[in-house]
Amino acid sequence: MGFPEFFKRQLTIARVYGIPVRIDYRWFAVVALSVWLIASNLHNHTLQVVNVQVTPHTWPTSWFLGLITTAGLFLSVFGHELSHALMAKAEGIEIEEIVLHPFGGLARLKTQPENPRAEFRIAFAGPAASFLFALLAFGAVQIAAMGNLEATVVVFFLISAGNLLLALFNLFPGYPLDGGRVLRAILWRRTGNIVDATRKAGICGVLIGGMLILFGVYIMVAPNWRAAQPYFMGSWSILVGLFLLDAATKVVKSARDVGLATVADAMSPPVAIEPGLVISRFVDDVLPLHRQTSFPVAVKGRLHGILSLEDLKALPRRRWAATRVQAVMRPVAPGFFVGPSTTLDSAQAVMKQNGVGSIAVVNAQGQLVGFLQSGRIRKKAKTKGQKGNRGRG
Ligand SMILES: [Zn+2]
């Protein structure tokens with residue numbers, strides 16, 4: 001973006017439900033701009049809000065109202081992101097942080113949603129919260145209008161309008177906007193291919209970004225446009241468009257990379273051993289045939305655990321003949337398996353932490369359908385992207 005690194009350095013301003021909330025220095029510039037814009041409009045113009053006429057305020061009152069409204073808008077953006085974060089939490093996903101950047105916010109998740117349903121819910125939670133805030137604030141406008149409270153009317157009206165705009169803009173169907181995520185979830189559900197869904201939703205994001213830029217230019221040059229602040233609105237639209245264009249282009253590019261390929265694209269057929277198998281037999285009969293450092297343990301396709309050679313080393317050789325696999329294996333636990341549509345990125349993150357460096361792939365019916373080892377991903381993942389390759393059997 002060409003800003004000096006200093007302005008991108010992040011500050012943690014709060015922790016909510018244990019989630020760090022961060023801003024960077026550019027954010028202060030946007031806050032200042034918002035306060036000034038609202039204050040100058042309240043000072044210079046007579047505004048008609050619903051059925052209340054708001055006469056110009058003194059400078060101190062205008063600044064104060066600008067500050068209050070901006071705080072309300074800031075809380076609205078935060079509430080939008082918190083809504084994403086809490087829905088993600090409800091879907092079992094941990095939250096890395098909430099970042100408030102100049103064009104809104106971002107709830108960063110530690111792992112990607114595992115299925116289209118979770119993705120859809122998490123994406124929709126933000127705009128839904130914004131719609132609700134808009135409605136509540138508009139209710140406050142109506143109440144204040146009855147008492148003819150000019151200042152209260154104008155503050156809540158701006159907060160209501162801001163939330164409505166936030167909800168509508170975010171529902172534009174271009175990834176990485178919320179609407180684009182909803183679109184991705186729908187495409188993902190339809191085809192089962194998350195890579196292709198991401199690419200298509202990203203292309204929509206590129207198109208919408210481009211449209212916002214053209215729209216911004218049009219506002220500025222169109223002779224008959226009667227916008228209140230054509231240059232301000234135009235440059236804002238161009239900036240948001242550039243921001244979206246940049247983000248969406250990166251998404252489209254990375255959808256072509258290995259990172260967004262799914263586990264199903266990279267897994268190998270599972271070489272499963274039975275829990276009752278004696279270790280000496282395993283070492284003599286199974287190990288020589290398969291160059292793996294860990295093996296899924298299963299009975300009739302049901303995962304029971306993972307046997308790691310590292311764990312086996314702790315067992316003295318003289319006990320091999322008397323010990324069965326189930327005594328040495330790590331029993332099945334959430335860190336030892338993923339679904340076929342999990343992204344490789346999140347599968348790799350899980351593998352890094354589970355201590356065996358590999359992971360079993362279990363389908364929705366609970367059947368073991370594949371096995372993934374961290375060292376073997378790159379080569380295989382090149383053959384990704386074709387439709388309907390959900391592992392079966
Ligand atoms: Zn959102």
# chains A, B, ... in the order shown; residues from 1 in each chain; ligands from 1
$ closest_atom_pairs --of "chain A" --to "ligand 1" --cutoff "7 Å" --atoms "only C-alpha atoms and all ligand atoms" --output "tab-separated table"
residue	atom	partner	partner_atom_place_in_ligand_line	distance
A:His80	CA	ligand 1	1 (Zn)	6.1
A:Glu81	CA	ligand 1	1 (Zn)	5.9
A:His84	CA	ligand 1	1 (Zn)	6.6
A:Leu106	CA	ligand 1	1 (Zn)	6.9
A:Ala123	CA	ligand 1	1 (Zn)	6.4
A:Gly126	CA	ligand 1	1 (Zn)	4.5
A:Pro127	CA	ligand 1	1 (Zn)	6.1
A:Asn170	CA	ligand 1	1 (Zn)	6.1
A:Leu177	CA	ligand 1	1 (Zn)	6.7
A:Asp178	CA	ligand 1	1 (Zn)	5.0
$ residues_around --residues "A:Pro316" --least-positions-apart "6" --cutoff "12 Å" --atoms "only C-alpha atoms" --output "list in words"
Ile279, Ser280, Ala322, Thr323 and Val328 of chain A
$ residues_around --residues "A:Pro340" --least-positions-apart "3" --cutoff "12 Å" --atoms "only C-alpha atoms" --output "VMD selection string"
chain A and resid 114 to 115 192 to 194 261 to 269 337 343 to 344 346 to 347 359 to 372 388 to 392
$ select_by_dssp --residues "stretch 221-385 of chain A" --states "strand (DSSP E)" --output "list in words"
Ser294, Phe295, Pro296, Val297, Ala298, Val299, Arg302, Leu303, His304, Gly305, Ile306, Leu307, Ser308, Arg330, Pro331, Phe337, Val338, Ser358, Ile359, Ala360, Val361, Val362, Leu368, Val369, Gly370, Phe371, Leu372 and Gln373 of chain A
$ closest_residue --among "A:Ser62, A:Asn51, A:Ser83, A:Ser358" --to "A:Gly147" --atoms "only C-alpha atoms"
A:Asn51
$ residues_around --residues "A:Ala255" --least-positions-apart "4" --cutoff "10 Å" --atoms "only C-alpha atoms" --output "PyMOL selection string"
chain A and resi 194-200+202+249-251+259-261+385
$ select_by_dssp --residues "stretch 248-356 of chain A" --states "helix (DSSP H, G or I)" --output "PyMOL selection string"
chain A and resi 248-255+258-260+263-266+279-289+309-312+317-322+325-328+334-336+344-354
$ write_last_selection --atoms "N, CA and C atoms" --output "compact mmCIF listing (two decimals), in the first residue's frame"
# COMPACT_ATOMS: atom_id res chain seq x y z
N ALA A 248 -8.68 -9.37 -3.44
CA ALA A 248 -9.31 -10.41 -4.26
C ALA A 248 -8.32 -11.02 -5.24
N THR A 249 -7.43 -10.18 -5.80
CA THR A 249 -6.42 -10.70 -6.73
C THR A 249 -5.53 -11.72 -6.02
N LYS A 250 -5.14 -11.38 -4.79
CA LYS A 250 -4.30 -12.31 -4.02
C LYS A 250 -5.03 -13.63 -3.77
N VAL A 251 -6.34 -13.53 -3.49
CA VAL A 251 -7.12 -14.74 -3.22
C VAL A 251 -7.17 -15.63 -4.47
N VAL A 252 -7.41 -14.99 -5.63
CA VAL A 252 -7.49 -15.76 -6.86
C VAL A 252 -6.16 -16.45 -7.14
N LYS A 253 -5.06 -15.71 -6.90
CA LYS A 253 -3.73 -16.30 -7.12
C LYS A 253 -3.49 -17.48 -6.18
N SER A 254 -3.80 -17.26 -4.91
CA SER A 254 -3.46 -18.32 -3.96
C SER A 254 -4.38 -19.52 -4.08
N ALA A 255 -5.56 -19.30 -4.71
CA ALA A 255 -6.44 -20.45 -4.94
C ALA A 255 -5.78 -21.42 -5.91
N VAL A 258 -0.93 -24.43 -3.72
CA VAL A 258 -1.17 -25.62 -2.90
C VAL A 258 -1.94 -25.30 -1.63
N GLY A 259 -1.72 -24.11 -1.09
CA GLY A 259 -2.29 -23.75 0.19
C GLY A 259 -3.78 -23.96 0.33
N LEU A 260 -4.52 -23.75 -0.77
CA LEU A 260 -5.97 -23.89 -0.65
C LEU A 260 -6.49 -25.22 -1.18
N VAL A 263 -7.42 -31.61 1.58
CA VAL A 263 -6.83 -32.86 2.02
C VAL A 263 -7.12 -33.97 1.00
N ALA A 264 -8.35 -33.96 0.45
CA ALA A 264 -8.73 -35.00 -0.51
C ALA A 264 -7.82 -34.99 -1.74
N ASP A 265 -7.29 -33.78 -2.09
CA ASP A 265 -6.42 -33.68 -3.25
C ASP A 265 -5.04 -34.27 -2.99
N ALA A 266 -4.63 -34.35 -1.74
CA ALA A 266 -3.25 -34.70 -1.44
C ALA A 266 -3.08 -36.00 -0.66
N ILE A 279 3.36 -56.38 17.67
CA ILE A 279 4.38 -55.46 17.17
C ILE A 279 5.45 -56.16 16.31
N SER A 280 5.86 -57.36 16.74
CA SER A 280 6.90 -58.05 15.97
C SER A 280 6.43 -58.37 14.55
N ARG A 281 5.14 -58.73 14.43
CA ARG A 281 4.58 -59.00 13.10
C ARG A 281 4.55 -57.71 12.28
N PHE A 282 4.14 -56.64 12.94
CA PHE A 282 4.10 -55.33 12.28
C PHE A 282 5.47 -54.96 11.72
N VAL A 283 6.51 -55.13 12.56
CA VAL A 283 7.86 -54.77 12.16
C VAL A 283 8.36 -55.66 11.01
N ASP A 284 8.01 -56.94 11.07
CA ASP A 284 8.49 -57.87 10.04
C ASP A 284 7.69 -57.80 8.75
N ASP A 285 6.37 -57.67 8.87
CA ASP A 285 5.51 -57.82 7.68
C ASP A 285 5.04 -56.50 7.06
N VAL A 286 4.71 -55.52 7.89
CA VAL A 286 4.12 -54.28 7.36
C VAL A 286 5.18 -53.22 7.07
N LEU A 287 6.03 -53.01 8.02
CA LEU A 287 7.02 -51.93 7.93
C LEU A 287 7.91 -52.00 6.69
N PRO A 288 8.41 -53.17 6.32
CA PRO A 288 9.31 -53.21 5.14
C PRO A 288 8.63 -52.78 3.85
N LEU A 289 7.29 -52.93 3.79
CA LEU A 289 6.58 -52.63 2.55
C LEU A 289 6.18 -51.15 2.41
N LEU A 309 6.22 -44.51 14.70
CA LEU A 309 7.46 -45.25 14.92
C LEU A 309 8.27 -44.62 16.05
N GLU A 310 8.10 -43.31 16.20
CA GLU A 310 8.78 -42.59 17.27
C GLU A 310 8.35 -43.15 18.64
N ASP A 311 7.06 -43.39 18.78
CA ASP A 311 6.55 -43.97 20.04
C ASP A 311 7.02 -45.41 20.22
N LEU A 312 7.16 -46.11 19.10
CA LEU A 312 7.57 -47.51 19.13
C LEU A 312 8.99 -47.67 19.64
N ARG A 317 13.03 -54.02 22.40
CA ARG A 317 12.87 -55.02 21.35
C ARG A 317 12.37 -56.37 21.91
N ARG A 318 12.83 -56.73 23.10
CA ARG A 318 12.45 -58.04 23.66
C ARG A 318 10.95 -58.13 23.96
N ARG A 319 10.28 -56.97 24.03
CA ARG A 319 8.84 -57.01 24.32
C ARG A 319 7.98 -56.96 23.05
N TRP A 320 8.63 -56.87 21.90
CA TRP A 320 7.88 -56.76 20.64
C TRP A 320 6.93 -57.92 20.39
N ALA A 321 7.38 -59.10 20.76
CA ALA A 321 6.56 -60.29 20.47
C ALA A 321 5.34 -60.38 21.37
N ALA A 322 5.37 -59.70 22.50
CA ALA A 322 4.27 -59.83 23.46
C ALA A 322 3.37 -58.60 23.52
N VAL A 325 -0.39 -53.64 18.98
CA VAL A 325 -0.40 -52.26 18.49
C VAL A 325 -1.20 -51.34 19.42
N GLN A 326 -2.34 -51.81 19.91
CA GLN A 326 -3.21 -50.94 20.72
C GLN A 326 -2.55 -50.45 22.01
N ALA A 327 -1.50 -51.17 22.46
CA ALA A 327 -0.83 -50.75 23.69
C ALA A 327 0.16 -49.61 23.44
N VAL A 328 0.58 -49.44 22.19
CA VAL A 328 1.60 -48.44 21.87
C VAL A 328 1.02 -47.24 21.12
N PRO A 334 -9.23 -35.62 18.61
CA PRO A 334 -9.50 -34.63 17.57
C PRO A 334 -8.27 -34.22 16.74
N GLY A 335 -7.09 -34.21 17.32
CA GLY A 335 -5.90 -33.79 16.56
C GLY A 335 -5.39 -34.83 15.59
N PHE A 336 -6.03 -36.01 15.53
CA PHE A 336 -5.49 -37.09 14.70
C PHE A 336 -6.28 -37.38 13.43
N LEU A 344 -5.56 -27.94 3.00
CA LEU A 344 -4.24 -28.45 3.37
C LEU A 344 -3.59 -27.58 4.42
N ASP A 345 -3.84 -26.27 4.31
CA ASP A 345 -3.28 -25.34 5.28
C ASP A 345 -3.66 -25.73 6.71
N SER A 346 -4.95 -25.94 6.93
CA SER A 346 -5.36 -26.24 8.31
C SER A 346 -4.93 -27.65 8.71
N ALA A 347 -4.92 -28.60 7.75
CA ALA A 347 -4.46 -29.95 8.07
C ALA A 347 -2.99 -29.92 8.50
N GLN A 348 -2.20 -29.09 7.80
CA GLN A 348 -0.78 -28.99 8.14
C GLN A 348 -0.59 -28.38 9.52
N ALA A 349 -1.43 -27.39 9.83
CA ALA A 349 -1.34 -26.77 11.16
C ALA A 349 -1.64 -27.79 12.25
N VAL A 350 -2.64 -28.64 12.00
CA VAL A 350 -2.99 -29.68 12.98
C VAL A 350 -1.86 -30.69 13.12
N MET A 351 -1.28 -31.10 11.97
CA MET A 351 -0.19 -32.08 11.99
C MET A 351 1.02 -31.60 12.76
N LYS A 352 1.29 -30.30 12.64
CA LYS A 352 2.44 -29.73 13.33
C LYS A 352 2.31 -29.90 14.83
N GLN A 353 1.07 -29.88 15.30
CA GLN A 353 0.85 -29.86 16.74
C GLN A 353 0.54 -31.22 17.35
N ASN A 354 0.16 -32.21 16.54
CA ASN A 354 -0.32 -33.46 17.16
C ASN A 354 0.80 -34.43 17.55
$ residues_around --residues "A:Leu65" --least-positions-apart "4" --cutoff "7 Å" --atoms "only C-alpha atoms" --output "PDB file with N, CA and C atoms, in the first residue's frame"
ATOM      1  N   ALA A  39     -18.604  16.659  12.159  1.00  0.00           N
ATOM      2  CA  ALA A  39     -18.656  17.948  12.863  1.00  0.00           C
ATOM      3  C   ALA A  39     -18.884  19.092  11.881  1.00  0.00           C
ATOM      4  N   THR A  61     -20.248  21.837  20.198  1.00  0.00           N
ATOM      5  CA  THR A  61     -21.276  20.790  20.159  1.00  0.00           C
ATOM      6  C   THR A  61     -21.069  19.892  18.943  1.00  0.00           C
ATOM      7  N   THR A  69     -20.621  10.110  17.536  1.00  0.00           N
ATOM      8  CA  THR A  69     -21.079   9.326  16.389  1.00  0.00           C
ATOM      9  C   THR A  69     -19.973   8.406  15.896  1.00  0.00           C
ATOM     10  N   VAL A 155     -27.384  11.806  15.704  1.00  0.00           N
ATOM     11  CA  VAL A 155     -26.355  10.811  16.060  1.00  0.00           C
ATOM     12  C   VAL A 155     -26.849   9.401  15.731  1.00  0.00           C
TER      13      VAL A 155
END
$ closest_residue --among "A:Leu135, A:Ile93, A:Leu183, A:Leu244" --to "A:Ile159" --atoms "only C-alpha atoms"
A:Leu135
$ atom_distance --atom1 "atom CA of A:Phe138" --atom2 "atom CA of A:Phe78"
18.8 Å
$ atom_distance --atom1 "atom CA of A:Phe120" --atom2 "atom CA of A:Arg181"
7.0 Å
$ atom_distance --atom1 "atom CA of A:Val49" --atom2 "atom CA of A:Phe172"
27.2 Å
